[in-house]
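This report refers to the structure that appears directly beneath it.
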Amino acid sequence: HPGTVEWNVAVILDCLSKYDIDGINLDYIRYPESAGAWGYNPTSVARFNAVYGKTGLPAADDPDWANWRRECVSLEVKKIYVKAWKMKPNVVLTACTVNWGYNYTASTWPTSSAYAQVFQDWVGWLKNHYLDYNALMNYATDNSRYQGWTDWSLANDAGRGSIIGIGAYLQSSISNSMNQLLYARQKGAAGLNIYDWYSEVQGSSSGETRAQFYSALSSQVYPTWVDPPVPEWKAFPTTGIFEGTVVDGTTMQPIDHASVMIEGVPSTATVTDGTGWFAILDVPVGTHTLRIEKPGYKPSLVPGTIPSAGSIVTIDASISLPVTMSHFEIGQVDRSRRSGAQGN
């Protein structure tokens with residue numbers, strides 16, 4: 001529902017406007033574990049049917065319905081990223097991402113819990129630069145699963161970064177927790193995160209204490225101070241962003257799911273959300289032309305310029321319905337009234 005997205009964005013921007021915030025973490029930016037019955041609000045269903053040319057309620061296992069819900073979550077993450085960056089350029093955006101099961105290969109990712117079950121395409125978010133860092137909730141006691149997901153996140157973070165989280169409270173020993181943290185560091189993680197439910201040593205089979213946990217952490221993992229990672233793409237940007245809203249040129253109402261791309265660069269293609277908002281990231285400095293299209297409307301070409309690296313340029317545009325001739329008449333010419341004709 002567009003109203004939900006706007007509310008969430010407004011809350012985040014309100015916090016950014018009032019407090020000196022370094023980063024934002026999106027914890028539950030996904031559907032529930034049993035997503036089958038979720039998402040059927042009338043507004044979303046009507047939008048889905050309009051886009052896909054369908055009627056009625058979509059079946060829970062309709063692949064188009066799954067794609068729709070996944071796309072809506074992704075567009076919300078994108079909107080938060082761009083709007084937050086526009087308000088405070090150095091703010092860092094992360095998201096807590098799901099990784100249940102063992103679907104951490106290219107062939108199994110489309111059936112993974114994140115992608116197929118809760119519609120959280122965090123690989124796509126990283127690839128398209130909607131996040132600065134992936135805060136992977138890698139809460140596993142099975143080290144093969146832990147290592148598999150750590151490796152998958154690092155291989156697919158598109159040069160952004162992975163902050164690997166461990167479920168310390170699940171581990172049977174402090175040694176297991178330290179080994180997982182050290183594995184992620186050795187593999188090149190941008191950061192480490194420790195999640196504990198009640199206590200970091202709750203699962204300890206030998207009655208280890210929290211004091212022992214933090215003694216091991218300081219001696220084995222953090223013997224010296226480590227600065228938090230700095231996203232170089234924000235500190236030293238090389239490209240810019242186009243963002244804006246597309247409306248109907250007659251009604252001035254937002255156009256949902258219009259296609260927007262940089263002319264001649266198909267890889268930049270995106271769609272507007274339920275408020276008509278769009279954004280294209282990683283735009284080279286210089287002048288470009290945006291092509292805006294929607295079935296039933298005349299395509300519109302709109303110029304835009306990224307003046308310098310790091311610029312976020314707003315381009316609001318409209319598209320119009322084609323002019324049609326609904327009624328016309330063909331009459332006979334009265335030749336007697338032509339110039340030079342003789343009258344009676």
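Lettering and numbering for the structure tokens are positional, with chains as A, B, ... in the shown order, residues counted from 1 in each chain, and ligands counted from 1 in the shown order.
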Would you mind listing, for every residue of segment 1-88 of chain A within 9 Å of segment 300-323 of chain A, the two atoms forming the shortest contact and the distance between them in Å to one decimal, using only C-alpha atoms, sorted by chain and ascending residue number, as CSV?
```
residue,atom,partner,partner_atom,distance
A:Val82,CA,A:Ile312,CA,8.2
A:Trp85,CA,A:Ile312,CA,8.5
A:Lys86,CA,A:Ile312,CA,6.4
```
Go ahead and save the residues from that selection, with N, CA and C atoms, as a PDB file, in the first residue's frame.
```pdb
ATOM      1  N   VAL A  82      17.293   6.569  -1.165  1.00  0.00           N
ATOM      2  CA  VAL A  82      17.475   7.823  -1.902  1.00  0.00           C
ATOM      3  C   VAL A  82      17.041   9.019  -1.066  1.00  0.00           C
ATOM      4  N   TRP A  85      19.542   9.621   1.771  1.00  0.00           N
ATOM      5  CA  TRP A  85      20.797  10.175   1.239  1.00  0.00           C
ATOM      6  C   TRP A  85      20.600  11.645   0.863  1.00  0.00           C
ATOM      7  N   LYS A  86      19.461  11.957   0.282  1.00  0.00           N
ATOM      8  CA  LYS A  86      19.195  13.331  -0.139  1.00  0.00           C
ATOM      9  C   LYS A  86      19.148  14.271   1.062  1.00  0.00           C
TER      10      LYS A  86
END
```
Residue neighbourhood Lys88 of chain A, 10 Å, only C-alpha atoms, exclusion window fewer than 4 positions, as a PDB file with C-alpha atoms, in the first residue's frame:
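The resulting file, out_21.pdb, is reproduced below:
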```
ATOM      1  CA  LEU A  13      13.118  11.436   7.486  1.00  0.00           C
ATOM      2  CA  LEU A  16      16.999  12.376  10.385  1.00  0.00           C
ATOM      3  CA  SER A  17      15.745  15.961  10.508  1.00  0.00           C
ATOM      4  CA  ASP A  20      22.328  13.577  14.495  1.00  0.00           C
ATOM      5  CA  ILE A  21      21.956  10.035  13.187  1.00  0.00           C
ATOM      6  CA  ASP A  22      24.867   8.146  11.639  1.00  0.00           C
ATOM      7  CA  GLY A  23      22.915   5.207  10.280  1.00  0.00           C
ATOM      8  CA  VAL A  82      17.475   7.823  -1.902  1.00  0.00           C
ATOM      9  CA  LYS A  83      15.384  10.052   0.358  1.00  0.00           C
ATOM     10  CA  ALA A  84      17.682   9.490   3.337  1.00  0.00           C
ATOM     11  CA  VAL A  92      24.464   4.732   6.298  1.00  0.00           C
TER      12      VAL A  92
END
```
Could you give me, as a PyMOL selection string, the residues within 12 Å of Asp273 of chain A, counting only C-alpha atoms and dropping anything in the same chain fewer than 3 positions from it? chain A and resi 1-3+5-6+44+47-48+51+68+71-79+243-247+254-260+270+276-279
Preceding selection exported with N, CA and C atoms as an mmCIF file, in the first residue's frame:
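Just written: out.cif:
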```cif
data_model
loop_
_atom_site.group_PDB
_atom_site.id
_atom_site.type_symbol
_atom_site.label_atom_id
_atom_site.label_comp_id
_atom_site.auth_asym_id
_atom_site.auth_seq_id
_atom_site.Cartn_x
_atom_site.Cartn_y
_atom_site.Cartn_z
ATOM 1 N N HIS A 1 0.849 -1.188 0.000
ATOM 2 C CA HIS A 1 0.000 0.000 0.000
ATOM 3 C C HIS A 1 0.890 1.245 0.000
ATOM 4 N N PRO A 2 0.694 2.159 -0.948
ATOM 5 C CA PRO A 2 1.545 3.356 -1.014
ATOM 6 C C PRO A 2 1.554 4.154 0.282
ATOM 7 N N GLY A 3 0.429 4.160 0.992
ATOM 8 C CA GLY A 3 0.371 4.910 2.242
ATOM 9 C C GLY A 3 1.322 4.378 3.294
ATOM 10 N N VAL A 5 4.212 2.854 2.687
ATOM 11 C CA VAL A 5 5.564 3.263 2.288
ATOM 12 C C VAL A 5 5.805 4.720 2.664
ATOM 13 N N GLU A 6 4.844 5.580 2.349
ATOM 14 C CA GLU A 6 5.009 7.001 2.645
ATOM 15 C C GLU A 6 5.151 7.247 4.142
ATOM 16 N N SER A 44 -3.567 -2.549 -2.906
ATOM 17 C CA SER A 44 -2.495 -3.306 -3.553
ATOM 18 C C SER A 44 -3.047 -4.271 -4.590
ATOM 19 N N ARG A 47 -4.029 -2.319 -7.694
ATOM 20 C CA ARG A 47 -2.831 -1.915 -8.435
ATOM 21 C C ARG A 47 -2.241 -3.102 -9.183
ATOM 22 N N PHE A 48 -2.155 -4.236 -8.513
ATOM 23 C CA PHE A 48 -1.627 -5.453 -9.134
ATOM 24 C C PHE A 48 -2.446 -5.841 -10.352
ATOM 25 N N VAL A 51 -1.804 -3.548 -13.310
ATOM 26 C CA VAL A 51 -0.495 -3.745 -13.942
ATOM 27 C C VAL A 51 -0.445 -5.032 -14.743
ATOM 28 N N TRP A 68 5.092 -9.179 -7.609
ATOM 29 C CA TRP A 68 4.528 -7.879 -7.245
ATOM 30 C C TRP A 68 4.904 -7.508 -5.814
ATOM 31 N N GLU A 71 8.590 -6.814 -5.517
ATOM 32 C CA GLU A 71 8.926 -5.521 -6.115
ATOM 33 C C GLU A 71 8.531 -4.369 -5.197
ATOM 34 N N CYS A 72 7.379 -4.471 -4.558
ATOM 35 C CA CYS A 72 6.928 -3.400 -3.666
ATOM 36 C C CYS A 72 7.889 -3.211 -2.496
ATOM 37 N N VAL A 73 8.382 -4.309 -1.927
ATOM 38 C CA VAL A 73 9.353 -4.204 -0.837
ATOM 39 C C VAL A 73 10.641 -3.562 -1.349
ATOM 40 N N SER A 74 11.096 -3.989 -2.511
ATOM 41 C CA SER A 74 12.343 -3.453 -3.064
ATOM 42 C C SER A 74 12.234 -1.962 -3.358
ATOM 43 N N LEU A 75 11.096 -1.531 -3.901
ATOM 44 C CA LEU A 75 10.919 -0.108 -4.190
ATOM 45 C C LEU A 75 10.882 0.721 -2.911
ATOM 46 N N GLU A 76 10.368 0.137 -1.825
ATOM 47 C CA GLU A 76 10.377 0.863 -0.554
ATOM 48 C C GLU A 76 11.807 1.040 -0.045
ATOM 49 N N VAL A 77 12.605 -0.010 -0.111
ATOM 50 C CA VAL A 77 14.007 0.102 0.307
ATOM 51 C C VAL A 77 14.725 1.158 -0.535
ATOM 52 N N LYS A 78 14.481 1.126 -1.826
ATOM 53 C CA LYS A 78 15.088 2.098 -2.738
ATOM 54 C C LYS A 78 14.687 3.523 -2.358
ATOM 55 N N LYS A 79 13.432 3.720 -2.054
ATOM 56 C CA LYS A 79 12.942 5.059 -1.719
ATOM 57 C C LYS A 79 13.564 5.559 -0.420
ATOM 58 N N GLU A 243 15.795 11.441 -9.377
ATOM 59 C CA GLU A 243 14.578 10.994 -8.704
ATOM 60 C C GLU A 243 13.483 12.007 -8.976
ATOM 61 N N GLY A 244 12.241 11.585 -8.851
ATOM 62 C CA GLY A 244 11.147 12.502 -9.117
ATOM 63 C C GLY A 244 9.818 11.783 -9.153
ATOM 64 N N THR A 245 8.813 12.484 -9.644
ATOM 65 C CA THR A 245 7.453 11.958 -9.683
ATOM 66 C C THR A 245 6.870 12.145 -11.074
ATOM 67 N N VAL A 246 6.135 11.144 -11.534
ATOM 68 C CA VAL A 246 5.455 11.200 -12.829
ATOM 69 C C VAL A 246 3.954 11.286 -12.577
ATOM 70 N N VAL A 247 3.306 12.269 -13.225
ATOM 71 C CA VAL A 247 1.866 12.449 -13.057
ATOM 72 C C VAL A 247 1.172 12.471 -14.410
ATOM 73 N N PRO A 254 -0.805 10.933 -9.725
ATOM 74 C CA PRO A 254 0.415 10.143 -9.933
ATOM 75 C C PRO A 254 0.171 8.946 -10.840
ATOM 76 N N ILE A 255 1.158 8.637 -11.660
ATOM 77 C CA ILE A 255 1.090 7.493 -12.566
ATOM 78 C C ILE A 255 1.808 6.311 -11.919
ATOM 79 N N ASP A 256 1.064 5.264 -11.676
ATOM 80 C CA ASP A 256 1.601 4.058 -11.055
ATOM 81 C C ASP A 256 2.228 3.153 -12.114
ATOM 82 N N HIS A 257 3.421 2.674 -11.829
ATOM 83 C CA HIS A 257 4.096 1.680 -12.671
ATOM 84 C C HIS A 257 4.383 2.181 -14.087
ATOM 85 N N ALA A 258 4.691 3.464 -14.200
ATOM 86 C CA ALA A 258 5.227 3.966 -15.467
ATOM 87 C C ALA A 258 6.675 3.509 -15.587
ATOM 88 N N SER A 259 7.121 3.320 -16.803
ATOM 89 C CA SER A 259 8.510 2.931 -17.050
ATOM 90 C C SER A 259 9.361 4.183 -17.239
ATOM 91 N N VAL A 260 10.485 4.232 -16.543
ATOM 92 C CA VAL A 260 11.404 5.369 -16.652
ATOM 93 C C VAL A 260 12.810 4.822 -16.882
ATOM 94 N N THR A 270 13.484 1.470 -14.770
ATOM 95 C CA THR A 270 12.833 1.271 -13.485
ATOM 96 C C THR A 270 11.356 1.590 -13.650
ATOM 97 N N GLY A 276 3.794 7.473 -7.842
ATOM 98 C CA GLY A 276 4.389 8.029 -9.054
ATOM 99 C C GLY A 276 5.868 8.322 -8.940
ATOM 100 N N TRP A 277 6.473 7.928 -7.818
ATOM 101 C CA TRP A 277 7.887 8.246 -7.575
ATOM 102 C C TRP A 277 8.802 7.244 -8.261
ATOM 103 N N PHE A 278 9.948 7.730 -8.726
ATOM 104 C CA PHE A 278 10.961 6.874 -9.338
ATOM 105 C C PHE A 278 12.343 7.369 -8.936
ATOM 106 N N ALA A 279 13.333 6.523 -9.145
ATOM 107 C CA ALA A 279 14.732 6.933 -8.970
ATOM 108 C C ALA A 279 15.616 6.063 -9.846
#
```
- Message: List as a ChimeraX atom specification the protein and nucleic acid residues near Ile280 of chain A, meaning an atom at most 9 Å away when only C-alpha atoms are counted, but skip any in the same chain fewer than 4 places from it.
- Response: /A:240-243,260-262,268-270
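Atom CA of Thr108 of chain A to atom CA of Gly148 of chain A spans 12.4 Å [interatomic distance, one decimal].
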**Item:** Close residues, Trp100 of chain A itself excluded, 10 Å, only C-alpha atoms, min 4 positions apart in chain, as number ranges by chain
**Value:** A: 104, 112-114, 137-140, 145, 149
Practice item. Just the helix (DSSP H, G or I) stuff from segment 17-220 of chain A, please, per backbone DSSP, written as a count of residues only. Key: 96
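Here atom CA of Ala60 of chain A stands at a distance of 12.0 Å from atom CA of Val45 of chain A.
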* Identify, on the basis of only C-alpha atoms, every residue whose closest approach to Leu93 of chain A does not exceed 7 Å; exclude the query and any residue fewer than 4 positions from it along the same chain; express the result as number ranges by chain. => A: 23-25, 81, 131-133
When you look at Arg160 of chain A with a cut-off of 12 Å (counting only C-alpha atoms), what residues show up, excluding the ones that are within fewer than 4 positions of it in the same chain? I need them as a CSV table (one decimal) with C-alpha atoms, in the first residue's frame.
```
chain,number,residue,atom,x,y,z
A,92,VAL,CA,24.5,4.7,6.3
A,93,LEU,CA,21.6,2.4,5.4
A,94,THR,CA,21.6,-1.3,6.4
A,123,VAL,CA,20.9,-9.7,-3.4
A,125,TRP,CA,19.2,-4.6,-3.3
A,126,LEU,CA,22.9,-4.9,-3.1
A,127,LYS,CA,23.3,-5.3,-6.8
A,128,ASN,CA,21.2,-2.2,-7.5
A,129,HIS,CA,22.9,-0.2,-4.7
A,130,TYR,CA,19.8,0.3,-2.5
A,131,LEU,CA,21.8,-0.6,0.6
A,132,ASP,CA,25.2,0.4,1.9
A,133,TYR,CA,25.7,-2.8,3.9
A,134,ASN,CA,24.0,-6.1,4.2
A,135,ALA,CA,23.4,-6.9,7.9
A,153,SER,CA,26.7,-12.5,1.0
A,154,LEU,CA,30.3,-11.5,0.4
A,155,ALA,CA,30.2,-12.7,-3.1
A,156,ASN,CA,27.0,-10.8,-3.9
A,188,GLY,CA,36.5,-9.9,4.2
A,189,ALA,CA,33.4,-8.8,6.1
A,190,ALA,CA,33.0,-5.1,6.4
A,191,GLY,CA,31.8,-5.5,10.0
A,229,PRO,CA,33.4,1.1,8.0
A,230,VAL,CA,32.9,4.2,5.8
A,231,PRO,CA,31.0,3.8,2.6
A,232,GLU,CA,33.4,5.2,0.0
A,233,TRP,CA,30.6,5.6,-2.6
A,234,LYS,CA,29.1,8.2,-0.3
```
Can you check which residues of segment 177-296 of chain A DSSP gives as strand (DSSP E) on the backbone and send them as a ChimeraX atom specification?
/A:191-195,240-248,259-262,265-271,277-283,286-293
**Request:** Kindly give the distance, in Å, that separates atom CA of Thr287 of chain A and atom CA of Thr250 of chain A, rounded to a single decimal.
**Result:**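 For atom CA of Thr287 of chain A relative to atom CA of Thr250 of chain A, the distance reads 27.8 Å.
Restricting the calculation to only C-alpha atoms, the smallest distance between Ala211 of chain A and any of A:Asp227, A:Thr55, A:Gln147, A:Ile174 is found for A:Ile174.
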**Request:** Check the smallest atom-to-atom distance from each of A:Val98, A:Ile166, A:Val226, A:Ala59 to Arg30 of chain A using only C-alpha atoms, then report the winner.
**Result:**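 So, comparing all the options, the nearest one is A:Val98.
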